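K.L.:
Before we start, here is the structure in question, set down as structure tokens.
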Amino acid sequence: MQKINKNVVLALLSLTSLVFLLFQLYYYKFYLSQKNGAVFSKVRGSQSGQDSTRWHVVRKFLGLISSHNIPVYLIDPLILGLVDKDIEQIRSSPDGPSPECKYFCAPRDFTTFALLDKTWKHEVGLFRTAEKMGFQWLKIINKDPRLDGMDDLSGIEIPLHYIFKLASHAIHLVIFYERSGNYLWHGPLRLKQHMDRKFVPFRKLHFGRYPGAYEKPELLLVSIDDLKVQIPKNPSSFLEEMSHSRFLECRYREARAFFQLYPDDASLDAVEFRKKAKSLLHLAALTLNNLGVKFWLSSGTCLGWYRQCNVIPHSKDVDLGVFIRDYKADIIPAFQKAGLPLKHKFGKVEDSLELSFQGEDDVKLDIFFFYEEDDHIWNGGTQAKSGKKFKYLFPKFTLCWTEFIELKVQVPCETLQYVEANYGPDWKVPVKTWDWKSSPSNVQYNGVWPVDEWDDVIQIY
């Protein structure tokens with residue numbers, strides 16, 4: 001038998017191993033990477049590996065929605081925060097600000113986009129195409145609050161969030177809906193019992209922990225990291241809006257239970273008052289918003305929203321709260337210009353300020369200014385004939401958005417504690433006789449204004 005040359009065998013084995021290795025690399029690059037989105041080529045100077053993967057997942061997602069003519073826009077706070085620092089350069093440069101992959105390659109587990117519901121049809125084809133591109137996807141639905149009301153609690157469900165996952169990165173698509181107060185709303189992200197809670201790190205998602213309310217954004221088409229994408233024209237304003245976007249729904253179910261115990265006043269006077277109160281509240285909101293003064297529903301107006309989703313017909317006024325730090329000297333002239341003359345001004349900016357404006361007929365607008373202490377918040381009251389001062393104490397609270405009589409407006413997020421502070425544990429029981437000096441649960445006597453200050457602190461018109 002001919003002797004086998006060991007060198008030849010070794011060379012053949014080495015060549016075979018090399019061919020097999022090249023085949024594995026080819027197979028991974030041109031099959032697995034396309035299927036799973038794990039493409040590691042260089043992207044405008046980015047590092048290879050995970051950084052590049054994020055960019056490629058975003059690129060494939062934008063290609064997916066572009067093929068179906070779906071106009072999404074970027075709302076990812078981490079990326080918008082980076083973009084905002086370079087916004088002037090990004091706006092002026094059609095090709096983007098730098099040769100690096102600076103934004104979409106930034107470390108994160110997901111990228112967040114938004115979509116207006118009315119701008120697309122829920123096509124099955126989108127998700128079929130997504131699957132062919134290697135995406136896994138998850139749809140989160142919940143009931144449509146726009147269909148709820150005193151007459152019907154619909155329970156009809158709508159899509160609120162979509163998650164598209166490819167390789168190690170996910171795209172969070174938040175669906176925004178228009179509400180009757182002329183604003184945009186997104187719902188909470190609540191997983192159904194059967195859903196995979198490990199699909200993505202849900203707790204890290206920036207949108208969905210609670211519902212949110214936003215103004216309609218003006219969009220700008222820009223190039224970021226060689227990708228064309230729409231962003232809010234003013235990223236910093238959007239990010240500021242995001243920080244206080246939490247939304248509370250009116251409690252229609254509880255309101256219906258309330259009216260079963262205490263039938264609603266449907267008299268002509270009640271209907272007429274509610275109409276005037278609605279008009280007055282809309283005018284007040286427009287005036288304060290134009291001034292950039294933040295406010296919320298307070299006192300009886302807040303109670304009406306929380307208890308019965310409507311104005312309390314026997315209240316005879318509209319009550320708003322404003323933090324004294326947001327006070328502006330042009331509040332009074334702005335309301336007078338809007339056709340609401342000043343009825344009275346009590347207190348002063350440093351102490352117990354309160355303004356009242358005269359609306360249509362006998363309906364008035366009361367604005368109470370709130371002062372913050374270490375462990376509580378308070379507003380003041382003044383008795384005109386005696387100069388006596390009163391103080392109303394509230395636990396500290398934050399502000400949330402809600403919709404009330406077709407208006408996007410703020411209320412204390414901790415509404416129950418706020419209402420209980422003012423009206424006590426029996427706040428569910430209607431009270432038609434109310435003395436502002438003694439009836440509130442949180443009222444305290446606060447001394448008397450010095451007589452020599454009365455001309456300044458007690459002004460009645």
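Quick note on naming: the chains in the structure tokens go A, B, ... in the order shown, residues restart at 1 in each chain, and ligands are numbered from 1 in order of appearance.
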With DSSP run on the backbone, what are the helix (DSSP H, G or I) residues within region 93-209 of chain A? I'd like them as a count of residues only.
P.N.:
18
K.L.:
Need the shell around region 176-190 of chain A: protein/DNA/RNA residues with any atom at most 6 Å away, counting only C-alpha atoms. Skip same-chain ones fewer than 4 positions apart. Format as number ranges by chain?
P.N.:
A: 115-117, 160, 208-215, 406-408
K.L.:
Measuring between only C-alpha atoms, which one of A:Arg91, A:Leu166, A:Thr119, A:Tyr445 shows the shortest distance to Arg59 (chain A)?
P.N.:
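Result for the nearest residue to Arg59 (chain A): A:Leu166.
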K.L.:
Can you tell me which residues surround His282 (chain A) at a distance of at most 12 Å, considering only C-alpha atoms, apart from same-chain residues fewer than 3 positions away, and format the answer as a PyMOL selection string?
P.N.:
chain A and resi 181+275-279+285-289+318+320+338+359+365+403-409
K.L.:
May I have the residues from that selection written out with N, CA, C and O atoms, as an mmCIF file, in the first residue's frame?
P.N.:
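selection17.cif, freshly written:
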data_model
loop_
_atom_site.group_PDB
_atom_site.id
_atom_site.type_symbol
_atom_site.label_atom_id
_atom_site.label_comp_id
_atom_site.auth_asym_id
_atom_site.auth_seq_id
_atom_site.Cartn_x
_atom_site.Cartn_y
_atom_site.Cartn_z
ATOM 1 N N GLY A 181 -61.441 67.538 22.865
ATOM 2 C CA GLY A 181 -60.870 68.794 23.326
ATOM 3 C C GLY A 181 -59.773 69.305 22.418
ATOM 4 O O GLY A 181 -58.986 70.167 22.821
ATOM 5 N N LYS A 275 -74.440 75.480 30.609
ATOM 6 C CA LYS A 275 -74.044 76.024 29.319
ATOM 7 C C LYS A 275 -73.156 77.250 29.515
ATOM 8 O O LYS A 275 -72.109 77.400 28.867
ATOM 9 N N LYS A 276 -73.562 78.149 30.416
ATOM 10 C CA LYS A 276 -72.786 79.356 30.681
ATOM 11 C C LYS A 276 -71.456 79.020 31.347
ATOM 12 O O LYS A 276 -70.420 79.636 31.054
ATOM 13 N N ALA A 277 -71.465 78.044 32.264
ATOM 14 C CA ALA A 277 -70.234 77.648 32.958
ATOM 15 C C ALA A 277 -69.233 77.044 31.974
ATOM 16 O O ALA A 277 -68.028 77.307 32.069
ATOM 17 N N LYS A 278 -69.733 76.266 31.038
ATOM 18 C CA LYS A 278 -68.855 75.677 30.025
ATOM 19 C C LYS A 278 -68.213 76.774 29.184
ATOM 20 O O LYS A 278 -66.996 76.762 28.949
ATOM 21 N N SER A 279 -69.009 77.738 28.745
ATOM 22 C CA SER A 279 -68.490 78.834 27.937
ATOM 23 C C SER A 279 -67.456 79.641 28.719
ATOM 24 O O SER A 279 -66.401 80.023 28.188
ATOM 25 N N ALA A 285 -59.772 79.269 30.124
ATOM 26 C CA ALA A 285 -58.652 78.421 29.707
ATOM 27 C C ALA A 285 -57.888 79.066 28.557
ATOM 28 O O ALA A 285 -56.647 79.072 28.549
ATOM 29 N N LEU A 286 -58.607 79.609 27.589
ATOM 30 C CA LEU A 286 -57.963 80.269 26.452
ATOM 31 C C LEU A 286 -57.129 81.464 26.930
ATOM 32 O O LEU A 286 -55.980 81.646 26.493
ATOM 33 N N THR A 287 -57.676 82.229 27.837
ATOM 34 C CA THR A 287 -56.980 83.430 28.329
ATOM 35 C C THR A 287 -55.711 83.059 29.097
ATOM 36 O O THR A 287 -54.637 83.622 28.863
ATOM 37 N N LEU A 288 -55.813 82.094 30.016
ATOM 38 C CA LEU A 288 -54.654 81.700 30.818
ATOM 39 C C LEU A 288 -53.612 80.971 29.972
ATOM 40 O O LEU A 288 -52.405 81.160 30.167
ATOM 41 N N ASN A 289 -54.063 80.154 29.039
ATOM 42 C CA ASN A 289 -53.120 79.455 28.154
ATOM 43 C C ASN A 289 -52.336 80.436 27.293
ATOM 44 O O ASN A 289 -51.134 80.262 27.057
ATOM 45 N N VAL A 318 -67.392 79.115 38.560
ATOM 46 C CA VAL A 318 -66.331 78.246 38.063
ATOM 47 C C VAL A 318 -65.084 78.544 38.886
ATOM 48 O O VAL A 318 -64.709 79.707 39.046
ATOM 49 N N LEU A 320 -60.982 77.907 39.699
ATOM 50 C CA LEU A 320 -59.687 77.479 39.180
ATOM 51 C C LEU A 320 -58.603 77.728 40.223
ATOM 52 O O LEU A 320 -58.712 78.648 41.039
ATOM 53 N N ALA A 338 -60.800 90.146 27.554
ATOM 54 C CA ALA A 338 -61.630 89.033 27.068
ATOM 55 C C ALA A 338 -63.104 89.234 27.384
ATOM 56 O O ALA A 338 -63.936 88.378 27.055
ATOM 57 N N GLY A 359 -68.736 86.758 34.877
ATOM 58 C CA GLY A 359 -69.101 86.167 33.607
ATOM 59 C C GLY A 359 -70.494 86.580 33.193
ATOM 60 O O GLY A 359 -71.035 87.585 33.679
ATOM 61 N N LEU A 365 -66.240 83.725 37.745
ATOM 62 C CA LEU A 365 -65.020 82.926 37.697
ATOM 63 C C LEU A 365 -64.144 83.287 38.891
ATOM 64 O O LEU A 365 -63.768 84.449 39.051
ATOM 65 N N GLU A 403 -60.126 65.465 30.447
ATOM 66 C CA GLU A 403 -61.048 66.129 29.529
ATOM 67 C C GLU A 403 -62.333 66.419 30.283
ATOM 68 O O GLU A 403 -62.931 65.516 30.881
ATOM 69 N N PHE A 404 -62.733 67.669 30.274
ATOM 70 C CA PHE A 404 -63.919 68.092 31.012
ATOM 71 C C PHE A 404 -64.718 69.046 30.151
ATOM 72 O O PHE A 404 -64.194 70.062 29.689
ATOM 73 N N ILE A 405 -65.959 68.708 29.927
ATOM 74 C CA ILE A 405 -66.864 69.461 29.048
ATOM 75 C C ILE A 405 -66.141 69.942 27.783
ATOM 76 O O ILE A 405 -66.082 71.122 27.476
ATOM 77 N N GLU A 406 -65.545 68.954 27.086
ATOM 78 C CA GLU A 406 -64.881 69.147 25.796
ATOM 79 C C GLU A 406 -63.676 70.083 25.887
ATOM 80 O O GLU A 406 -63.418 70.862 24.963
ATOM 81 N N LEU A 407 -62.956 70.003 26.977
ATOM 82 C CA LEU A 407 -61.785 70.845 27.173
ATOM 83 C C LEU A 407 -60.675 70.019 27.817
ATOM 84 O O LEU A 407 -60.905 69.296 28.779
ATOM 85 N N LYS A 408 -59.459 70.140 27.255
ATOM 86 C CA LYS A 408 -58.273 69.545 27.885
ATOM 87 C C LYS A 408 -57.833 70.485 28.999
ATOM 88 O O LYS A 408 -57.465 71.637 28.751
ATOM 89 N N VAL A 409 -57.882 69.991 30.220
ATOM 90 C CA VAL A 409 -57.632 70.844 31.369
ATOM 91 C C VAL A 409 -56.966 70.013 32.457
ATOM 92 O O VAL A 409 -57.074 68.786 32.476
#
K.L.:
Pull the strand (DSSP E or B) assignments for region 78-175 of chain A out of DSSP run on the backbone, and list those residues as a PyMOL selection string.
P.N.:
chain A and resi 110-116+136-143+157-166+169-175
K.L.:
Which residues are near Tyr371 (chain A)? Cut-off 6 Å, only C-alpha atoms, ignore same chain within fewer than 4 positions. Put them as a list in words.
P.N.:
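In the requested format, the answer is Ile324, Ile377 and Trp378 of chain A.
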K.L.:
Keeping only N, CA, C and O atoms, write the selected residues as a PDB file, in the first residue's frame.
P.N.:
ATOM      1  N   ILE A 324     -48.989  80.378  43.069  1.00  0.00           N
ATOM      2  CA  ILE A 324     -48.603  81.787  43.117  1.00  0.00           C
ATOM      3  C   ILE A 324     -47.308  82.042  42.337  1.00  0.00           C
ATOM      4  O   ILE A 324     -47.095  83.150  41.827  1.00  0.00           O
ATOM      5  N   ILE A 377     -49.887  72.599  51.009  1.00  0.00           N
ATOM      6  CA  ILE A 377     -50.174  73.703  50.098  1.00  0.00           C
ATOM      7  C   ILE A 377     -51.460  74.361  50.594  1.00  0.00           C
ATOM      8  O   ILE A 377     -52.351  73.680  51.117  1.00  0.00           O
ATOM      9  N   TRP A 378     -51.560  75.674  50.439  1.00  0.00           N
ATOM     10  CA  TRP A 378     -52.767  76.340  50.940  1.00  0.00           C
ATOM     11  C   TRP A 378     -53.162  77.502  50.037  1.00  0.00           C
ATOM     12  O   TRP A 378     -52.347  78.043  49.296  1.00  0.00           O
TER      13      TRP A 378
END
K.L.:
I'd like to know which of A:Phe368, A:Phe199, A:Trp449, A:Phe390 is closest to Phe323 (chain A), using only C-alpha atoms.
P.N.:
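Of the candidates, the smallest distance to Phe323 (chain A) is held by A:Phe368.
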K.L.:
Smallest atom-to-atom distance to Pro313 (chain A): which of A:Cys400, A:Met242, A:Val363, A:Ile90, using only C-alpha atoms?
P.N.:
A:Val363
K.L.:
From the set A:Tyr262, A:Tyr327, A:Trp436, A:Phe207, which residue has the shortest atom-to-atom contact distance to Tyr162 (chain A), counting only C-alpha atoms?
P.N.:
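Under the stated criterion, the closest residue is A:Phe207.
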K.L.:
Might you pull out every residue within 7 Å of region 101-114 of chain A, with only C-alpha atoms counted and same-chain residues fewer than 6 positions away left off, and present them as an MDAnalysis selection string?
P.N.:
chainID A and resid 43:46 51:52 54:55 72:76 79 82 169:176 225
K.L.:
Those same residues, written as a compact mmCIF listing (two decimals), in the first residue's frame with N, CA and C atoms?
P.N.:
# COMPACT_ATOMS: atom_id res chain seq x y z
N VAL A 43 -21.58 51.79 10.16
CA VAL A 43 -22.60 52.77 9.82
C VAL A 43 -22.07 54.16 10.14
N ARG A 44 -21.64 54.89 9.13
CA ARG A 44 -21.16 56.25 9.28
C ARG A 44 -20.21 56.39 10.46
N GLY A 45 -19.26 55.47 10.57
CA GLY A 45 -18.26 55.61 11.61
C GLY A 45 -18.66 55.02 12.94
N SER A 46 -19.82 54.33 13.02
CA SER A 46 -20.22 53.76 14.30
C SER A 46 -19.37 52.53 14.60
N ASP A 51 -24.18 48.51 18.54
CA ASP A 51 -24.50 49.86 18.10
C ASP A 51 -25.08 49.85 16.69
N SER A 52 -24.42 49.08 15.81
CA SER A 52 -24.85 48.99 14.42
C SER A 52 -26.19 48.29 14.31
N ARG A 54 -28.77 48.43 16.31
CA ARG A 54 -29.86 49.37 16.58
C ARG A 54 -30.19 50.18 15.34
N TRP A 55 -29.14 50.69 14.68
CA TRP A 55 -29.35 51.50 13.47
C TRP A 55 -30.06 50.68 12.39
N VAL A 72 -45.12 57.76 10.42
CA VAL A 72 -44.73 57.78 11.83
C VAL A 72 -43.79 58.96 12.10
N TYR A 73 -43.65 59.31 13.35
CA TYR A 73 -42.64 60.31 13.73
C TYR A 73 -41.98 59.90 15.03
N LEU A 74 -40.74 60.36 15.18
CA LEU A 74 -39.90 59.95 16.30
C LEU A 74 -40.28 60.70 17.57
N ILE A 75 -40.51 59.95 18.66
CA ILE A 75 -40.80 60.58 19.96
C ILE A 75 -39.91 60.00 21.05
N ASP A 76 -38.86 59.28 20.66
CA ASP A 76 -37.98 58.67 21.65
C ASP A 76 -37.27 59.77 22.44
N ILE A 79 -33.29 59.91 22.20
CA ILE A 79 -32.78 60.41 20.92
C ILE A 79 -33.12 61.89 20.73
N LEU A 82 -30.75 64.12 22.48
CA LEU A 82 -29.50 64.31 21.75
C LEU A 82 -29.70 65.22 20.54
N HIS A 169 -33.09 44.36 19.44
CA HIS A 169 -33.65 45.71 19.55
C HIS A 169 -35.14 45.70 19.24
N ALA A 170 -35.87 46.63 19.85
CA ALA A 170 -37.32 46.70 19.66
C ALA A 170 -37.74 48.11 19.24
N ILE A 171 -38.82 48.19 18.49
CA ILE A 171 -39.45 49.45 18.12
C ILE A 171 -40.78 49.52 18.85
N HIS A 172 -40.96 50.59 19.60
CA HIS A 172 -42.23 50.82 20.30
C HIS A 172 -43.02 51.86 19.51
N LEU A 173 -44.16 51.45 18.97
CA LEU A 173 -45.00 52.34 18.18
C LEU A 173 -46.23 52.71 19.02
N VAL A 174 -46.32 53.99 19.39
CA VAL A 174 -47.41 54.48 20.23
C VAL A 174 -48.48 55.09 19.33
N ILE A 175 -49.73 54.64 19.50
CA ILE A 175 -50.83 55.15 18.68
C ILE A 175 -51.50 56.32 19.40
N PHE A 176 -51.57 57.46 18.72
CA PHE A 176 -52.22 58.64 19.27
C PHE A 176 -53.60 58.82 18.62
N ASP A 225 -28.38 60.36 11.05
CA ASP A 225 -27.60 59.12 10.84
C ASP A 225 -27.96 58.46 9.51
K.L.:
Would you pick out the contacts of Ala270 (chain A) at 12 Å or less, using only C-alpha atoms, so that residues sharing its chain but fewer than 2 positions from it are not included, and give the list as a VMD selection string?
P.N.:
chain A and resid 264 to 268 272 to 277 310 to 316
